[in-house]
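**Q** File follows, run34.txt with compact mmCIF, C-alpha atoms:
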```txt
# COMPACT_ATOMS: atom_id res chain seq x y z
CA MET H 90 0.00 0.00 0.00
CA SER H 91 2.73 2.44 0.99
CA ASP H 92 5.95 2.75 2.95
CA TRP H 93 5.13 3.97 6.46
CA SER H 94 8.61 3.39 7.89
CA SER H 95 9.27 7.13 8.27
CA TRP H 96 6.44 7.30 10.83
CA ILE H 97 7.95 4.67 13.12
CA GLY H 98 9.53 6.44 16.08
CA ARG H 99 7.62 9.67 15.50
CA GLU H 100 6.74 11.29 18.84
CA GLU H 101 4.42 13.91 20.28
CA GLN H 102 4.06 15.30 23.79
CA ARG H 103 1.00 16.71 25.49
CA GLY H 104 0.32 18.16 28.92
CA ASP H 105 -2.82 18.22 31.04
CA ARG H 106 -4.16 18.36 34.58
CA VAL H 107 -6.40 15.96 36.49
CA ASP H 108 -9.08 18.59 36.88
CA GLU H 109 -11.52 18.08 39.76
CA ALA H 110 -14.55 18.97 37.65
CA MET H 111 -13.51 16.56 34.90
CA ALA H 112 -12.95 13.79 37.45
CA THR H 113 -16.40 14.48 38.91
CA ARG H 114 -17.99 14.20 35.45
CA TRP H 115 -16.10 10.95 34.82
CA LEU H 116 -17.41 9.46 38.06
CA ALA H 117 -20.94 10.63 37.26
CA THR H 118 -20.73 9.03 33.82
CA LEU H 119 -19.83 5.66 35.37
CA ASP H 120 -22.32 6.02 38.27
CA ARG H 121 -19.72 5.59 40.97
CA ALA H 122 -18.31 7.38 44.00
CA ALA H 123 -14.85 8.91 44.19
CA PRO H 124 -12.07 7.04 46.00
CA GLY H 125 -11.62 8.38 49.51
CA ASP H 126 -7.89 9.10 49.23
CA GLY H 127 -7.82 11.82 46.55
CA THR H 128 -6.86 9.47 43.74
CA VAL H 129 -8.90 8.87 40.58
CA PRO H 130 -10.02 5.47 39.23
CA GLN H 131 -7.94 3.55 36.75
CA ALA H 132 -9.11 4.29 33.16
CA LEU H 133 -9.43 8.05 33.71
CA HIS H 134 -6.07 8.46 31.94
CA TRP H 135 -8.01 7.98 28.68
CA CYS H 136 -9.52 11.44 29.33
CA LEU H 137 -6.13 13.17 29.57
CA CYS H 138 -3.73 14.70 27.02
CA LEU H 139 -6.31 14.47 24.25
CA PRO H 140 -5.90 15.50 20.61
CA ASP H 141 -7.16 19.05 20.14
CA ALA H 142 -7.55 19.36 16.38
CA SER H 143 -9.78 22.21 15.24
CA THR H 144 -13.24 21.40 13.92
CA ALA H 145 -12.20 22.60 10.47
CA SER H 146 -9.42 20.00 10.36
CA LEU H 147 -11.66 16.97 11.00
CA GLY H 148 -12.15 14.36 8.29
CA PRO H 149 -15.44 12.85 7.04
CA ASP H 150 -15.43 10.28 9.89
CA GLY H 151 -14.94 12.92 12.60
CA HIS H 152 -11.31 12.02 13.29
CA PRO H 153 -8.56 14.61 12.70
CA LEU H 154 -7.29 14.56 9.14
CA ARG H 155 -3.89 12.95 8.57
CA ASP H 156 -1.35 13.85 5.89
CA ASP H 157 2.29 13.20 5.05
CA SER H 158 3.57 16.40 6.67
CA PRO H 159 5.96 16.37 9.65
CA ALA H 160 3.13 17.73 11.77
CA SER H 161 0.99 14.62 11.24
CA PHE H 162 1.63 12.25 14.14
CA LEU H 163 -0.30 9.28 12.70
CA PRO H 164 0.40 8.09 9.15
CA PRO H 165 -2.15 9.02 6.45
CA VAL H 166 -3.38 5.47 5.91
CA PRO H 167 -5.99 5.78 3.12
CA LEU H 168 -8.32 3.12 4.52
CA PRO H 169 -11.44 4.94 5.79
CA ARG H 170 -12.63 2.88 8.77
CA ARG H 171 -10.68 3.19 12.02
CA MET H 172 -11.09 1.34 15.30
CA TRP H 173 -9.17 1.11 18.57
CA ALA H 174 -8.50 -2.63 18.44
CA SER H 175 -6.65 -3.37 21.68
CA SER H 176 -4.49 -2.00 24.48
CA LYS H 177 -1.94 -3.28 26.96
CA VAL H 178 -1.80 -1.05 30.03
CA GLU H 179 0.55 -1.03 33.01
CA PHE H 180 -0.41 1.03 36.07
CA HIS H 181 2.67 2.28 37.95
CA ALA H 182 1.12 4.80 40.36
CA PRO H 183 -2.37 6.26 40.92
CA LEU H 184 -3.15 9.68 39.51
CA ARG H 185 -4.50 12.27 41.94
CA VAL H 186 -7.04 15.07 41.62
CA GLY H 187 -5.28 18.35 40.82
CA GLU H 188 -2.12 16.67 39.57
CA ARG H 189 -0.39 17.93 36.44
CA VAL H 190 0.48 15.25 33.91
CA ARG H 191 2.42 14.96 30.67
CA ARG H 192 2.20 12.23 28.08
CA THR H 193 4.78 11.16 25.52
CA SER H 194 3.39 9.17 22.58
CA ARG H 195 5.47 7.30 20.01
CA VAL H 196 4.51 5.37 16.88
CA ALA H 197 5.95 1.94 17.65
CA SER H 198 5.02 0.03 14.49
CA VAL H 199 2.92 0.11 11.32
CA THR H 200 1.91 -3.28 9.92
CA GLU H 201 -0.12 -4.16 6.84
CA LYS H 202 -2.20 -7.35 6.82
CA THR H 203 -4.97 -8.94 4.79
CA GLY H 204 -7.95 -10.33 6.67
CA GLY H 205 -11.38 -11.71 5.91
CA SER H 206 -12.66 -8.15 5.48
CA GLY H 207 -9.82 -7.14 3.15
CA GLN H 208 -6.82 -4.90 3.63
CA LEU H 209 -5.88 -3.90 7.17
CA VAL H 210 -3.24 -1.57 8.59
CA PHE H 211 -2.35 -1.79 12.30
CA VAL H 212 -0.66 1.17 13.98
CA ASP H 213 0.76 0.55 17.45
CA VAL H 214 1.25 3.66 19.59
CA ALA H 215 3.20 3.58 22.87
CA HIS H 216 2.13 6.11 25.50
CA GLU H 217 3.81 7.05 28.77
CA THR H 218 1.82 9.26 31.14
CA HIS H 219 3.81 10.90 33.93
CA GLY H 220 2.34 12.54 37.00
CA GLU H 221 4.14 14.87 39.38
CA SER H 222 5.83 11.92 41.12
CA GLY H 223 6.92 10.06 38.00
CA LEU H 224 5.58 7.47 35.58
CA ALA H 225 1.91 6.70 36.28
CA VAL H 226 0.64 4.75 33.25
CA SER H 227 2.32 3.10 30.29
CA GLU H 228 0.27 1.70 27.44
CA VAL H 229 0.53 0.32 23.93
CA GLN H 230 -2.59 1.03 21.88
CA SER H 231 -3.25 -0.82 18.66
CA LEU H 232 -5.32 1.06 16.06
CA VAL H 233 -6.65 -0.70 12.97
CA TYR H 234 -7.61 0.88 9.66
CA ARG H 235 -9.94 -1.09 7.40
CA ALA H 236 -11.25 -0.89 3.86
CA PRO H 237 -14.89 0.06 3.19
CA ALA H 238 -17.42 -2.74 3.44
CA GLU H 239 -18.16 -4.40 0.11
CA PRO H 240 -21.61 -3.62 -1.33
CA GLY H 241 -24.15 -6.11 -0.08
CA THR H 242 -22.14 -7.00 3.04
CA PRO H 243 -24.51 -7.61 5.98
CA PRO H 244 -24.25 -4.94 8.68
CA ALA H 245 -22.00 -5.66 11.64
CA PRO H 246 -22.49 -7.17 14.11
CA PRO H 247 -25.10 -9.78 13.15
CA PRO H 248 -28.60 -9.35 14.59
CA LEU H 249 -29.06 -10.71 18.08
CA GLY H 250 -29.67 -14.44 18.08
CA GLU H 251 -32.02 -16.53 20.17
CA GLY H 252 -29.37 -17.54 22.71
CA SER H 253 -28.71 -15.81 26.02
CA PHE H 254 -25.57 -15.10 27.99
CA ASP H 255 -25.03 -17.36 31.00
CA PRO H 256 -22.95 -15.69 33.75
CA SER H 257 -22.85 -18.75 36.03
CA ALA H 258 -19.18 -19.53 35.25
CA TRP H 259 -18.07 -16.05 36.36
CA SER H 260 -17.58 -14.79 39.92
CA ALA H 261 -18.70 -11.22 39.22
CA HIS H 262 -21.36 -10.04 36.78
CA ARG H 263 -22.87 -6.68 35.93
CA ALA H 264 -25.46 -6.10 33.22
CA LEU H 265 -26.28 -2.69 31.77
CA VAL H 266 -27.61 -1.10 28.61
CA PRO H 267 -25.23 1.51 27.12
CA ALA H 268 -27.70 4.12 25.89
CA GLU H 269 -27.18 7.31 23.89
CA PRO H 270 -26.54 9.56 26.93
CA LEU H 271 -23.69 7.30 28.10
CA LEU H 272 -22.09 7.33 24.64
CA PHE H 273 -22.50 11.09 24.41
CA ARG H 274 -20.92 11.68 27.80
CA PHE H 275 -17.97 9.40 27.05
CA SER H 276 -17.40 11.10 23.69
CA ALA H 277 -17.40 14.46 25.47
CA LEU H 278 -15.01 13.30 28.19
CA THR H 279 -12.55 11.92 25.62
CA PHE H 280 -13.10 14.67 22.99
CA ASN H 281 -13.94 11.91 20.52
CA SER H 282 -15.90 13.06 17.48
CA HIS H 283 -15.87 9.74 15.60
CA ARG H 284 -19.32 9.72 14.02
CA ILE H 285 -20.02 6.00 14.56
CA HIS H 286 -20.80 6.85 18.20
CA TYR H 287 -23.52 9.49 17.65
CA ASP H 288 -24.49 9.75 13.95
CA LEU H 289 -26.69 6.76 13.12
CA PRO H 290 -27.11 7.48 9.37
CA TYR H 291 -23.32 7.72 9.05
CA ALA H 292 -22.65 4.63 11.19
CA ALA H 293 -25.11 2.55 9.15
CA GLY H 294 -24.71 4.07 5.70
CA GLU H 295 -20.98 4.74 5.57
CA GLU H 296 -19.40 2.23 7.96
CA ASN H 297 -22.02 -0.55 7.73
CA TYR H 298 -22.80 -0.93 11.43
CA ARG H 299 -26.16 -2.22 12.66
CA GLY H 300 -26.47 0.73 15.07
CA LEU H 301 -24.46 3.26 17.00
CA VAL H 302 -21.23 1.68 18.22
CA VAL H 303 -20.22 1.66 21.88
CA HIS H 304 -16.65 2.97 22.15
CA GLY H 305 -14.04 0.25 22.69
CA PRO H 306 -12.39 2.23 25.51
CA LEU H 307 -15.83 2.79 27.08
CA THR H 308 -16.37 -0.97 27.26
CA ALA H 309 -12.81 -1.31 28.61
CA SER H 310 -13.52 1.43 31.19
CA LEU H 311 -16.65 -0.44 32.30
CA LEU H 312 -14.58 -3.63 32.72
CA LEU H 313 -11.99 -1.71 34.75
CA ASP H 314 -14.82 -0.28 36.81
CA LEU H 315 -16.13 -3.80 37.47
CA ALA H 316 -12.64 -4.87 38.59
CA GLN H 317 -12.40 -1.90 40.94
CA ARG H 318 -15.87 -2.58 42.40
CA GLU H 319 -14.70 -6.14 43.16
CA LEU H 320 -11.02 -5.65 44.03
CA GLY H 321 -10.76 -2.05 45.24
CA ASP H 322 -9.67 1.22 43.67
CA ASN H 323 -6.34 1.29 41.86
CA ALA H 324 -5.73 -2.38 42.67
CA LEU H 325 -4.61 -3.47 39.20
CA LYS H 326 -1.01 -3.58 38.03
CA THR H 327 -1.80 -4.53 34.43
CA PHE H 328 -4.85 -4.59 32.19
CA ALA H 329 -5.09 -5.70 28.57
CA PHE H 330 -8.14 -5.78 26.31
CA ARG H 331 -8.97 -6.79 22.76
CA GLY H 332 -12.12 -5.88 20.88
CA LEU H 333 -13.76 -8.89 19.24
CA SER H 334 -17.09 -7.57 17.97
CA PRO H 335 -18.91 -4.22 18.11
CA ALA H 336 -21.21 -3.52 21.04
CA ILE H 337 -24.36 -1.71 19.91
CA CYS H 338 -26.00 1.19 21.70
CA GLY H 339 -29.31 0.30 23.36
CA GLU H 340 -28.56 -3.41 23.67
CA MET H 341 -27.78 -5.30 26.88
CA LEU H 342 -24.09 -5.65 27.70
CA HIS H 343 -22.85 -8.24 30.20
CA LEU H 344 -19.60 -7.48 32.05
CA VAL H 345 -17.92 -10.36 33.87
CA LEU H 346 -14.81 -11.23 35.87
CA ARG H 347 -13.22 -14.36 37.35
CA SER H 348 -9.88 -15.52 38.71
CA LYS H 349 -7.54 -17.17 36.23
CA ASP H 350 -3.98 -18.40 36.80
CA ALA H 351 -2.16 -15.62 38.70
CA GLY H 352 -4.61 -12.91 37.73
CA TYR H 353 -8.11 -12.29 36.39
CA GLU H 354 -10.03 -12.87 33.20
CA LEU H 355 -12.65 -10.32 32.17
CA GLY H 356 -15.08 -10.16 29.31
CA ALA H 357 -17.96 -8.25 27.77
CA PHE H 358 -20.79 -10.14 26.06
CA ALA H 359 -23.92 -9.24 24.12
CA ALA H 360 -27.32 -10.48 25.27
CA ASP H 361 -27.16 -13.56 23.03
CA GLY H 362 -23.69 -14.59 24.23
CA ARG H 363 -21.65 -13.07 21.40
CA GLN H 364 -18.34 -11.93 22.92
CA VAL H 365 -17.66 -8.23 22.48
CA MET H 366 -14.34 -7.88 24.32
CA SER H 367 -11.80 -10.11 26.03
CA ALA H 368 -9.54 -8.77 28.77
CA SER H 369 -7.06 -9.82 31.44
CA ALA H 370 -5.64 -8.17 34.55
CA THR H 371 -3.15 -8.71 37.34
CA VAL H 372 -2.98 -7.17 40.80
```
Here is the file; what I need is its structure written in the form of structure tokens.
**A**
Amino acid sequence: MSDWSSWIGREEQRGDRVDEAMATRWLATLDRAAPGDGTVPQALHWCLCLPDASTASLGPDGHPLRDDSPASFLPPVPLPRRMWASSKVEFHAPLRVGERVRRTSRVASVTEKTGGSGQLVFVDVAHETHGESGLAVSEVQSLVYRAPAEPGTPPAPPPLGEGSFDPSAWSAHRALVPAEPLLFRFSALTFNSHRIHYDLPYAAGEENYRGLVVHGPLTASLLLDLAQRELGDNALKTFAFRGLSPAICGEMLHLVLRSKDAGYELGAFAADGRQVMSASATV
């Protein structure tokens, strides 16, 4: 497709502050109380050091436009559909309300593949978020760019089947319906204007989804929230997730957790048992 080697190693730095009002809105979005020690829950780092592209510089999908200039951090992959496919996160120290942070991001790799849906390009980005006392969170995010859906391709994911999810094999289970207000609030908190999360005609007509798509990091945040409800705030050392199938707004989502080996297995499932996300964690 192209030679993206010149993007590997490209870096950007951003600064931010764990603002009390923002932390309060984050907690309200997830329907939970603040930790009692002045820290913020794990996952809030996804609301910090956000891209701040102007509205005029957004592309047709709502993401910032990319080009081949030195100012473009991500490569201008021409494939139109973008998703946050997976992340591997290591928590080094809790972030605290009022703390100033800085994040260094680096393009770690760009890999072209061919899958069942056609051409794919994976871009791995390594982030290091430092608080006032040092490194707080390190993460490798994997973004995937995909070709348009072929004409006549059934919308994704498939319609809900007749089966039902059985949580009996899991030690913790929470069921909720991600509705439009939750998606709106998460988009606002993360300054995410990707249209698949709020523009139904675009999501269905241009990207071939069956409905509005629940953000991958929102599902991951809900899994982290489940872990913290069960294990305590800021208890995790590592957390990794991989998106397997889109979660659709307005449909039941089952969040589950159980012990496995030296850590924990987590998952998100649709009402009919289709797995939406797999995840693992250690304490």
**Q** Given the point (-9.6, 7.7, 28.1) in the coordinates of this file, which residues lie within 10 Å, counting all atoms listed in the file, and how would they look as number ranges by chain?
**A** H: 115, 131-139, 275-276, 278-281, 306-307, 309-310
**Q** Pick from H:Ala197, H:Val303, H:Val178, H:Leu311: nearest to H:Pro335, with all atoms listed in the file counted?
**A** H:Val303
**Q** Which neighbours of H:Gln364 fall inside 12 Å, counting all atoms listed in the file, when residues of the same chain fewer than 6 positions from it are skipped, and could you give them as JSON, numbers by chain?
**A** {"H": [246, 249, 253, 254, 255, 308, 331, 332, 333, 334, 335, 336, 342, 343, 344, 345, 355, 356, 357, 358]}
**Q** How far is it from atom CA of H:Gln230 to atom CA of H:Val214, in Å with one decimal?
**A**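 Atom-to-atom, atom CA of H:Gln230 and atom CA of H:Val214 are spaced 5.2 Å apart.
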**Q** Stretch 236-245 of chain H: which residues within 8 Å, counting all atoms listed in the file, same-chain residues fewer than 2 positions away excluded, as a PyMOL selection string?
**A** chain H and resi 168-170+206-209+234+247+293+296-299+335
**Q** Given only C-alpha atoms as the basis, pick out the residue of H:Ala370, H:Met172, H:Ala360, H:Leu346 nearest to H:Glu251.
**A** H:Ala360
**Q** So what do you get for atom CA of H:Arg185 versus atom CA of H:Val229, distance-wise?
**A** 22.2 Å
**Q** For the atom pair atom CA of H:Gly223 and atom CA of H:Gln317, what is the interatomic distance in Å to one decimal place?
**A**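 If I compute the distance from atom CA of H:Gly223 to atom CA of H:Gln317, I get 22.9 Å.
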**Q** Can you work out which one of H:Val372, H:Val190, H:Ala268, H:Ile97 has the shortest atom-to-atom distance to H:Asp213, counting all atoms listed in the file?
**A**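 Between H:Val372, H:Val190, H:Ala268, H:Ile97, the residue approaching H:Asp213 most closely is H:Ile97.
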**Q** Env of H:Gly300: 7 Å cut, atoms = all atoms listed in the file, seq-sep filter 3 positions within chain, self excluded. Answer as a list in words.
**A** Leu289, Ala292, Ala293, Ile337 and Cys338 of chain H
**Q** Tell me which of H:Leu325, H:Met366, H:Ala142, H:Val107 sits closest to H:Glu188, counting all atoms listed in the file.
**A**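 Closest to H:Glu188 of all the choices is H:Val107.
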**Q** Ranking H:Ser222, H:Thr128, H:Thr203, H:Ser198 by minimum distance to H:Leu163 and counting all atoms listed in the file, which one comes first?
**A**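 Going through H:Ser222, H:Thr128, H:Thr203, H:Ser198 one by one, the smallest distance to H:Leu163 is for H:Ser198.
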**Q** As an MDAnalysis selection string, please: the residues near H:Ala225 (cut-off 8 Å, all atoms listed in the file, same-chain neighbours under 2 positions excluded).
**A** chainID H and resid 180:184 217:220 223 227
**Q** Would you mind listing what lies within 10 Å of H:Gly252 as a list in words, with only C-alpha atoms counted and same-chain residues fewer than 4 positions away left out?
**A** Ala360, Asp361, Gly362 and Arg363 of chain H
**Q** From the list H:Phe330, H:Ala359, H:Leu147, H:Leu313, which residue is nearest H:Pro248 when using all atoms listed in the file?
**A**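 Going through H:Phe330, H:Ala359, H:Leu147, H:Leu313 one by one, the smallest distance to H:Pro248 is for H:Ala359.
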**Q** Counting all atoms listed in the file, write as a ChimeraX atom specification all protein and nucleic acid residues lying at most 12 Å from (11.4, 12.5, 25.9) in the file's frame.
**A** /H:98-103,191-195,216-219
